[in-house]
>>> print(open('model.txt').read())   # compact mmCIF, C-alpha atoms and all ligand atoms
# COMPACT_ATOMS: atom_id res chain seq x y z
CA VAL H 5 -2.54 -18.55 5.73
CA ALA H 6 -2.31 -21.49 3.34
CA PRO H 7 -2.14 -19.98 -0.16
CA VAL H 8 -2.45 -23.40 -1.85
CA ASP H 9 -5.95 -23.79 -0.43
CA HIS H 10 -7.07 -20.39 -1.63
CA PRO H 11 -9.13 -20.50 -4.84
CA GLU H 12 -7.28 -17.47 -6.12
CA PRO H 13 -3.75 -17.32 -4.76
CA VAL H 14 -2.37 -13.83 -4.55
CA ASN H 15 1.19 -13.03 -5.52
CA VAL H 16 2.51 -9.80 -4.00
CA ARG H 17 5.63 -8.68 -5.85
CA PRO H 18 7.49 -5.51 -6.82
CA VAL H 19 6.38 -3.82 -10.02
CA ARG H 20 8.85 -4.24 -12.89
CA ALA H 21 10.25 -1.23 -14.71
CA GLY H 22 8.70 -2.29 -18.01
CA GLU H 23 5.21 -2.48 -16.47
CA TRP H 24 4.61 1.25 -16.34
CA ARG H 25 1.48 1.08 -18.51
CA ASP H 26 -0.12 -1.45 -16.15
CA LEU H 27 0.93 0.65 -13.18
CA ARG H 28 -0.65 3.75 -14.72
CA ALA H 29 -3.86 1.85 -15.48
CA LEU H 30 -4.10 0.48 -11.94
CA ARG H 31 -3.36 3.80 -10.24
CA LEU H 32 -5.85 5.67 -12.45
CA ARG H 33 -8.47 3.03 -11.69
CA ALA H 34 -7.80 3.49 -7.97
CA LEU H 35 -8.18 7.28 -8.20
CA GLU H 36 -11.33 6.94 -10.31
CA THR H 37 -12.97 4.29 -8.13
CA ASP H 38 -12.13 5.73 -4.70
CA PRO H 39 -11.51 9.46 -5.19
CA GLY H 40 -12.09 10.18 -1.50
CA ALA H 41 -9.32 7.91 -0.26
CA PHE H 42 -6.26 9.58 -1.76
CA GLY H 43 -4.34 12.83 -1.64
CA SER H 44 -4.06 12.99 -5.44
CA THR H 45 -6.86 13.11 -8.00
CA PHE H 46 -7.73 11.26 -11.20
CA ALA H 47 -7.53 14.51 -13.21
CA LYS H 48 -4.05 15.28 -11.92
CA ALA H 49 -2.66 11.77 -12.49
CA ALA H 50 -4.34 11.36 -15.88
CA ALA H 51 -2.48 14.44 -17.10
CA TYR H 52 0.98 13.06 -16.25
CA PRO H 53 3.22 12.41 -19.27
CA ASP H 54 4.39 8.85 -19.91
CA SER H 55 7.82 9.81 -18.54
CA GLU H 56 6.29 10.21 -15.05
CA TRP H 57 4.96 6.63 -15.08
CA ILE H 58 8.19 5.29 -16.55
CA GLU H 59 10.12 6.95 -13.71
CA ARG H 60 7.68 5.68 -11.09
CA ALA H 61 7.88 2.11 -12.36
CA GLU H 62 11.68 2.26 -12.55
CA ALA H 63 12.01 3.66 -9.02
CA GLY H 64 9.37 1.24 -7.71
CA ASP H 65 11.31 -1.65 -9.22
CA ALA H 66 14.75 -0.49 -8.00
CA GLY H 67 13.54 -0.54 -4.39
CA GLU H 68 16.21 1.71 -2.92
CA GLN H 69 14.31 4.82 -1.78
CA THR H 70 10.91 3.53 -2.80
CA ARG H 71 9.23 0.26 -3.69
CA THR H 72 5.91 -0.34 -5.42
CA PHE H 73 4.19 -3.66 -4.80
CA VAL H 74 1.42 -5.13 -6.91
CA ALA H 75 -0.94 -7.96 -5.98
CA VAL H 76 -1.53 -10.33 -8.87
CA THR H 77 -4.08 -13.17 -9.11
CA ASP H 78 -5.53 -15.18 -12.03
CA GLN H 79 -7.81 -12.17 -12.47
CA GLY H 80 -4.82 -9.94 -13.18
CA TRP H 81 -3.58 -6.99 -11.12
CA GLN H 82 -5.84 -6.68 -8.08
CA GLY H 83 -4.07 -4.17 -5.88
CA MET H 84 -1.07 -1.97 -5.22
CA VAL H 85 0.80 -0.05 -2.57
CA ILE H 86 3.81 2.28 -2.56
CA ALA H 87 6.48 2.38 0.15
CA ALA H 88 9.06 5.16 0.37
CA LEU H 89 11.77 6.11 2.85
CA LEU H 90 10.97 9.38 4.62
CA ASP H 91 13.36 11.98 6.06
CA ASP H 92 12.38 11.11 9.64
CA GLY H 93 13.68 7.55 9.43
CA ASP H 94 10.32 5.91 8.86
CA ALA H 95 9.01 4.38 5.67
CA GLY H 96 5.78 5.93 4.37
CA LEU H 97 2.96 3.78 3.00
CA PHE H 98 0.97 5.38 0.16
CA GLY H 99 -1.59 4.59 -2.50
CA MET H 100 -2.96 1.39 -0.95
CA TRP H 101 -5.77 0.12 -3.15
CA VAL H 102 -7.55 -3.18 -3.85
CA GLU H 103 -9.91 -3.85 -6.75
CA PRO H 104 -13.48 -3.79 -5.31
CA ARG H 105 -14.32 -7.36 -6.40
CA GLY H 106 -11.16 -8.65 -4.72
CA ARG H 107 -11.77 -7.06 -1.32
CA ARG H 108 -12.02 -8.85 2.04
CA ALA H 109 -9.78 -11.65 0.82
CA GLY H 110 -6.60 -10.55 2.58
CA ILE H 111 -4.99 -8.78 -0.38
CA ALA H 112 -4.41 -5.48 1.44
CA ALA H 113 -3.11 -7.36 4.47
CA ALA H 114 -0.56 -9.09 2.21
CA LEU H 115 0.42 -5.73 0.69
CA VAL H 116 0.96 -4.26 4.18
CA ASP H 117 3.17 -7.23 5.07
CA ALA H 118 5.28 -6.57 1.98
CA VAL H 119 5.72 -2.90 2.94
CA VAL H 120 6.68 -3.76 6.52
CA ALA H 121 9.21 -6.35 5.31
CA TRP H 122 10.74 -3.84 2.88
CA ALA H 123 10.86 -1.15 5.61
CA ARG H 124 12.65 -3.60 7.90
CA GLU H 125 15.11 -4.51 5.16
CA ARG H 126 15.79 -0.79 4.56
CA ARG H 127 16.27 -0.37 8.34
CA ALA H 128 13.39 2.08 8.77
CA ALA H 129 12.28 2.62 12.37
CA GLY H 130 8.59 2.33 11.56
CA VAL H 131 5.95 2.57 8.88
CA SER H 132 3.65 5.58 8.85
CA LEU H 133 0.67 6.56 6.72
CA SER H 134 -2.33 8.87 6.62
CA VAL H 135 -5.96 7.77 6.49
CA ALA H 136 -8.88 10.05 5.60
CA GLU H 137 -10.90 10.37 8.80
CA ASP H 138 -14.02 9.00 7.10
CA ASN H 139 -12.22 5.90 5.75
CA MET H 140 -13.31 3.26 8.23
CA ALA H 141 -12.23 0.31 6.07
CA ALA H 142 -8.65 1.56 5.82
CA ALA H 143 -8.45 2.43 9.54
CA ALA H 144 -9.71 -1.09 10.35
CA LEU H 145 -7.24 -2.66 7.94
CA PHE H 146 -4.22 -0.83 9.36
CA GLY H 147 -5.44 -1.31 12.94
CA SER H 148 -5.57 -5.05 12.29
CA LYS H 149 -1.95 -4.90 11.12
CA GLY H 150 -0.61 -3.27 14.26
CA PHE H 151 -0.85 0.42 13.32
CA ALA H 152 -2.05 2.93 15.92
CA PHE H 153 -3.16 6.57 15.60
CA THR H 154 -0.38 9.02 16.49
CA GLY H 155 -2.68 11.99 17.11
CA GLU H 156 -1.38 13.93 14.08
CA ARG H 157 -4.16 15.38 11.91
CA ARG H 158 -3.64 17.15 8.55
CA PRO H 159 -5.96 18.23 5.73
CA LEU H 160 -6.37 15.81 2.80
CA PRO H 161 -4.95 17.66 -0.26
CA SER H 162 -7.72 16.43 -2.59
CA ARG H 163 -10.48 17.34 -0.07
CA PRO H 164 -9.09 20.02 2.30
CA GLU H 165 -12.30 20.02 4.36
CA VAL H 166 -11.55 16.43 5.37
CA GLY H 167 -8.80 15.60 7.83
CA THR H 168 -6.34 12.78 7.57
CA LEU H 169 -5.19 10.92 10.62
CA GLU H 170 -1.67 9.59 10.89
CA MET H 171 -1.17 5.94 11.83
CA ARG H 172 2.15 4.31 12.59
CA ARG H 173 3.66 1.03 13.65
CA PRO H 174 7.24 0.33 14.65
CA VAL H 175 9.29 -2.06 12.57
CA GLY H 176 11.00 -4.44 14.92
CA GLY H 177 13.21 -7.29 13.91
CA SER H 178 11.23 -9.81 15.91
CA GLU H 179 7.58 -8.78 15.80
CA GLU H 180 6.45 -11.59 13.57
CA PRO H 181 8.14 -14.67 15.00
CA THR H 182 8.25 -17.64 12.67
CA ARG H 183 8.28 -20.07 15.60
CA PRO H 184 5.80 -20.20 18.48
CA ARG H 185 7.00 -18.58 21.67
CA ILE H 186 7.87 -20.88 24.50
CA GLU H 187 5.76 -19.93 27.49
CA ASN H 188 7.20 -20.30 30.98
CA GLY H 189 5.20 -21.45 33.98
C1 LIG N 201 -9.00 -0.46 2.52
C2 LIG N 201 -8.73 -1.55 1.47
C3 LIG N 201 -7.33 -1.33 0.91
C4 LIG N 201 -8.81 -2.93 2.15
O1 LIG N 201 -8.45 -3.91 1.19
P1 LIG N 201 -8.87 -5.46 1.37
O2 LIG N 201 -8.01 -6.28 0.47
O3 LIG N 201 -10.33 -5.59 1.24
O4 LIG N 201 -8.46 -5.73 2.90
P2 LIG N 201 -8.17 -7.16 3.55
O5 LIG N 201 -9.09 -8.18 2.97
O6 LIG N 201 -6.71 -7.45 3.50
O7 LIG N 201 -8.62 -6.87 5.05
C5 LIG N 201 -7.80 -7.18 6.17
C6 LIG N 201 -8.54 -6.74 7.42
O8 LIG N 201 -8.77 -5.32 7.39
C7 LIG N 201 -10.07 -5.01 7.96
N1 LIG N 201 -10.97 -4.49 6.91
C8 LIG N 201 -10.72 -4.43 5.59
N2 LIG N 201 -11.78 -3.87 4.93
C9 LIG N 201 -12.70 -3.59 5.88
C10 LIG N 201 -14.01 -3.02 5.84
N3 LIG N 201 -14.57 -2.62 4.68
N4 LIG N 201 -14.67 -2.88 6.99
C11 LIG N 201 -14.14 -3.28 8.17
N5 LIG N 201 -12.91 -3.86 8.28
C12 LIG N 201 -12.20 -3.99 7.15
C13 LIG N 201 -10.59 -6.33 8.51
O9 LIG N 201 -10.07 -6.48 9.81
C14 LIG N 201 -9.92 -7.32 7.56
O10 LIG N 201 -9.83 -8.62 8.08
P3 LIG N 201 -11.11 -9.62 7.91
O11 LIG N 201 -11.56 -9.54 6.48
O12 LIG N 201 -10.54 -10.96 8.28
O13 LIG N 201 -12.15 -9.11 8.84
C15 LIG N 201 -9.79 -1.52 0.34
O14 LIG N 201 -11.07 -1.48 0.90
C16 LIG N 201 -9.63 -0.35 -0.61
O15 LIG N 201 -8.89 -0.43 -1.60
N6 LIG N 201 -10.35 0.78 -0.32
C17 LIG N 201 -10.31 1.95 -1.18
C18 LIG N 201 -8.94 2.62 -1.17
C19 LIG N 201 -8.47 2.98 0.22
O16 LIG N 201 -9.24 3.32 1.09
N7 LIG N 201 -7.14 2.89 0.41
C20 LIG N 201 -6.50 3.21 1.67
C21 LIG N 201 -6.05 4.63 1.66
S1 LIG N 201 -5.28 5.08 3.25
>>> encode(input="model.txt", output="structure tokens")
Amino acid sequence: VAPVDHPEPVNVRPVRAGEWRDLRALRLRALETDPGAFGSTFAKAAAYPDSEWIERAEAGDAGEQTRTFVAVTDQGWQGMVIAALLDDGDAGLFGMWVEPRGRRAGIAAALVDAVVAWARERRAAGVSLSVAEDNMAAAALFGSKGFAFTGERRPLPSRPEVGTLEMRRPVGGSEEPTRPRIENG
């Protein structure tokens, strides 16, 4: 990828503690635009007090147990994702969302890369996530980034009649070599 050639370069960076209003706006827009993709609902998140968003932005900025990344272009905030350390030694990936007009430009792929890099830095064994079983775009996205289905299926809290499928990829230290491999023979 050559970001300088892209008409709209995307900057993926951690949310800052003071940006809780922007974070709330983006997350509510995600829940409103794609209600079928998430475990939570717009109604539930819209009822949170400001203190909830302040805490989320602070924790997402601190980056110890959790990290929230935002994707920013000239058009403003175009996407987000949340990473959090889980009890089983993996990092979980949650709340992945890209503004509809910014889709198919590699923004989600860049957000996944940021989560994987953070998970590696935090010494997680892998990254795991759940995809609604009717969410083909998300399954394709994560499949293209090295995630595979684990076989675990659970109900989606916001739509219990729909299942979610778990996907996971290991986090190795050397999966994305910066130099070409030297082939023998
Ligand atoms: C899923 C989603 C995050 C993808 O965001 P995006 O920025 O458009 O994805 P990218 O441009 O980085 O796509 C990377 C790759 O993923 C796959 N992909 C992404 N969207 C796809 C789609 N609609 N159909 C098929 N493949 C898709 C492709 O392989 C794509 O590479 P390509 O464009 O070179 O073919 C976005 O559609 C979205 O926000 N959907 C609603 C919320 C959601 O479903 N979140 C995930 C919850 S688990």
>>> residues_near_ligand(input="model.txt", ligand="ligand LIG 201 (chain N)", cutoff="6 Å", atoms="only C-alpha atoms and all ligand atoms", output="compact mmCIF listing (two decimals) with C-alpha atoms, in the coordinates of the input")
# COMPACT_ATOMS: atom_id res chain seq x y z
CA ASP H 38 -12.13 5.73 -4.70
CA ALA H 41 -9.32 7.91 -0.26
CA MET H 100 -2.96 1.39 -0.95
CA TRP H 101 -5.77 0.12 -3.15
CA VAL H 102 -7.55 -3.18 -3.85
CA ARG H 107 -11.77 -7.06 -1.32
CA ARG H 108 -12.02 -8.85 2.04
CA ALA H 109 -9.78 -11.65 0.82
CA GLY H 110 -6.60 -10.55 2.58
CA ILE H 111 -4.99 -8.78 -0.38
CA ALA H 112 -4.41 -5.48 1.44
CA ALA H 113 -3.11 -7.36 4.47
CA SER H 134 -2.33 8.87 6.62
CA VAL H 135 -5.96 7.77 6.49
CA ALA H 141 -12.23 0.31 6.07
CA ALA H 142 -8.65 1.56 5.82
CA ALA H 144 -9.71 -1.09 10.35
CA LEU H 145 -7.24 -2.66 7.94
CA SER H 148 -5.57 -5.05 12.29
>>> residues_around(input="model.txt", residues="H:Thr168", least_positions_apart="6", cutoff="7 Å", atoms="only C-alpha atoms", output="list in words")
Ser134, Val135, Ala136, Glu137, Arg157, Arg158, Pro159 and Leu160 of chain H
>>> closest_residue(input="model.txt", among="H:Asp65, H:Asp138, H:Glu36, H:Asp94", to="H:Trp24", atoms="all atoms listed in the file")
H:Asp65
>>> closest_residue(input="model.txt", among="H:Gln82, H:Thr70, H:Ser44, H:Thr77", to="H:Pro13", atoms="only C-alpha atoms")
H:Thr77
>>> residues_around(input="model.txt", residues="stretch 51-60 of chain H", least_positions_apart="4", cutoff="12 Å", atoms="all atoms listed in the file", output="PDB file with C-alpha atoms, keeping the file's coordinate frame")
ATOM      1  CA  PRO H  18       7.490  -5.510  -6.820  1.00  0.00           C
ATOM      2  CA  VAL H  19       6.380  -3.820 -10.020  1.00  0.00           C
ATOM      3  CA  ARG H  20       8.850  -4.240 -12.890  1.00  0.00           C
ATOM      4  CA  ALA H  21      10.250  -1.230 -14.710  1.00  0.00           C
ATOM      5  CA  GLY H  22       8.700  -2.290 -18.010  1.00  0.00           C
ATOM      6  CA  GLU H  23       5.210  -2.480 -16.470  1.00  0.00           C
ATOM      7  CA  TRP H  24       4.610   1.250 -16.340  1.00  0.00           C
ATOM      8  CA  ARG H  25       1.480   1.080 -18.510  1.00  0.00           C
ATOM      9  CA  ASP H  26      -0.120  -1.450 -16.150  1.00  0.00           C
ATOM     10  CA  LEU H  27       0.930   0.650 -13.180  1.00  0.00           C
ATOM     11  CA  ARG H  28      -0.650   3.750 -14.720  1.00  0.00           C
ATOM     12  CA  ALA H  29      -3.860   1.850 -15.480  1.00  0.00           C
ATOM     13  CA  LEU H  30      -4.100   0.480 -11.940  1.00  0.00           C
ATOM     14  CA  ARG H  31      -3.360   3.800 -10.240  1.00  0.00           C
ATOM     15  CA  LEU H  32      -5.850   5.670 -12.450  1.00  0.00           C
ATOM     16  CA  SER H  44      -4.060  12.990  -5.440  1.00  0.00           C
ATOM     17  CA  THR H  45      -6.860  13.110  -8.000  1.00  0.00           C
ATOM     18  CA  PHE H  46      -7.730  11.260 -11.200  1.00  0.00           C
ATOM     19  CA  ALA H  47      -7.530  14.510 -13.210  1.00  0.00           C
ATOM     20  CA  GLY H  64       9.370   1.240  -7.710  1.00  0.00           C
ATOM     21  CA  ASP H  65      11.310  -1.650  -9.220  1.00  0.00           C
ATOM     22  CA  ALA H  66      14.750  -0.490  -8.000  1.00  0.00           C
ATOM     23  CA  GLY H  67      13.540  -0.540  -4.390  1.00  0.00           C
ATOM     24  CA  GLN H  69      14.310   4.820  -1.780  1.00  0.00           C
ATOM     25  CA  THR H  70      10.910   3.530  -2.800  1.00  0.00           C
ATOM     26  CA  ARG H  71       9.230   0.260  -3.690  1.00  0.00           C
ATOM     27  CA  THR H  72       5.910  -0.340  -5.420  1.00  0.00           C
ATOM     28  CA  PHE H  73       4.190  -3.660  -4.800  1.00  0.00           C
ATOM     29  CA  ILE H  86       3.810   2.280  -2.560  1.00  0.00           C
ATOM     30  CA  ALA H  87       6.480   2.380   0.150  1.00  0.00           C
ATOM     31  CA  ALA H  88       9.060   5.160   0.370  1.00  0.00           C
TER      32      ALA H  88
END
>>> atom_distance(input="model.txt", atom1="atom CA of H:Arg173", atom2="atom CA of H:Ala49")
29.0 Å
>>> residues_around(input="model.txt", residues="H:Met171", least_positions_apart="5", cutoff="9 Å", atoms="only C-alpha atoms", output="list in words")
Val131, Ser132, Leu133, Ser134, Val135, Ala143, Phe146, Gly147, Phe151, Ala152, Phe153, Thr154, Gly155 and Glu156 of chain H
>>> atom_distance(input="model.txt", atom1="atom CA of H:Ala75", atom2="atom CA of H:Leu115")
7.2 Å
>>> atom_distance(input="model.txt", atom1="atom CA of H:Ala121", atom2="atom CA of H:Val16")
12.0 Å
>>> closest_residue(input="model.txt", among="H:Gly106, H:Gly93, H:Pro174, H:Pro164", to="H:Val14", atoms="only C-alpha atoms")
H:Gly106
>>> closest_residue(input="model.txt", among="H:Glu103, H:Glu165, H:Asp117, H:Glu125", to="H:Arg33", atoms="all atoms listed in the file")
H:Glu103
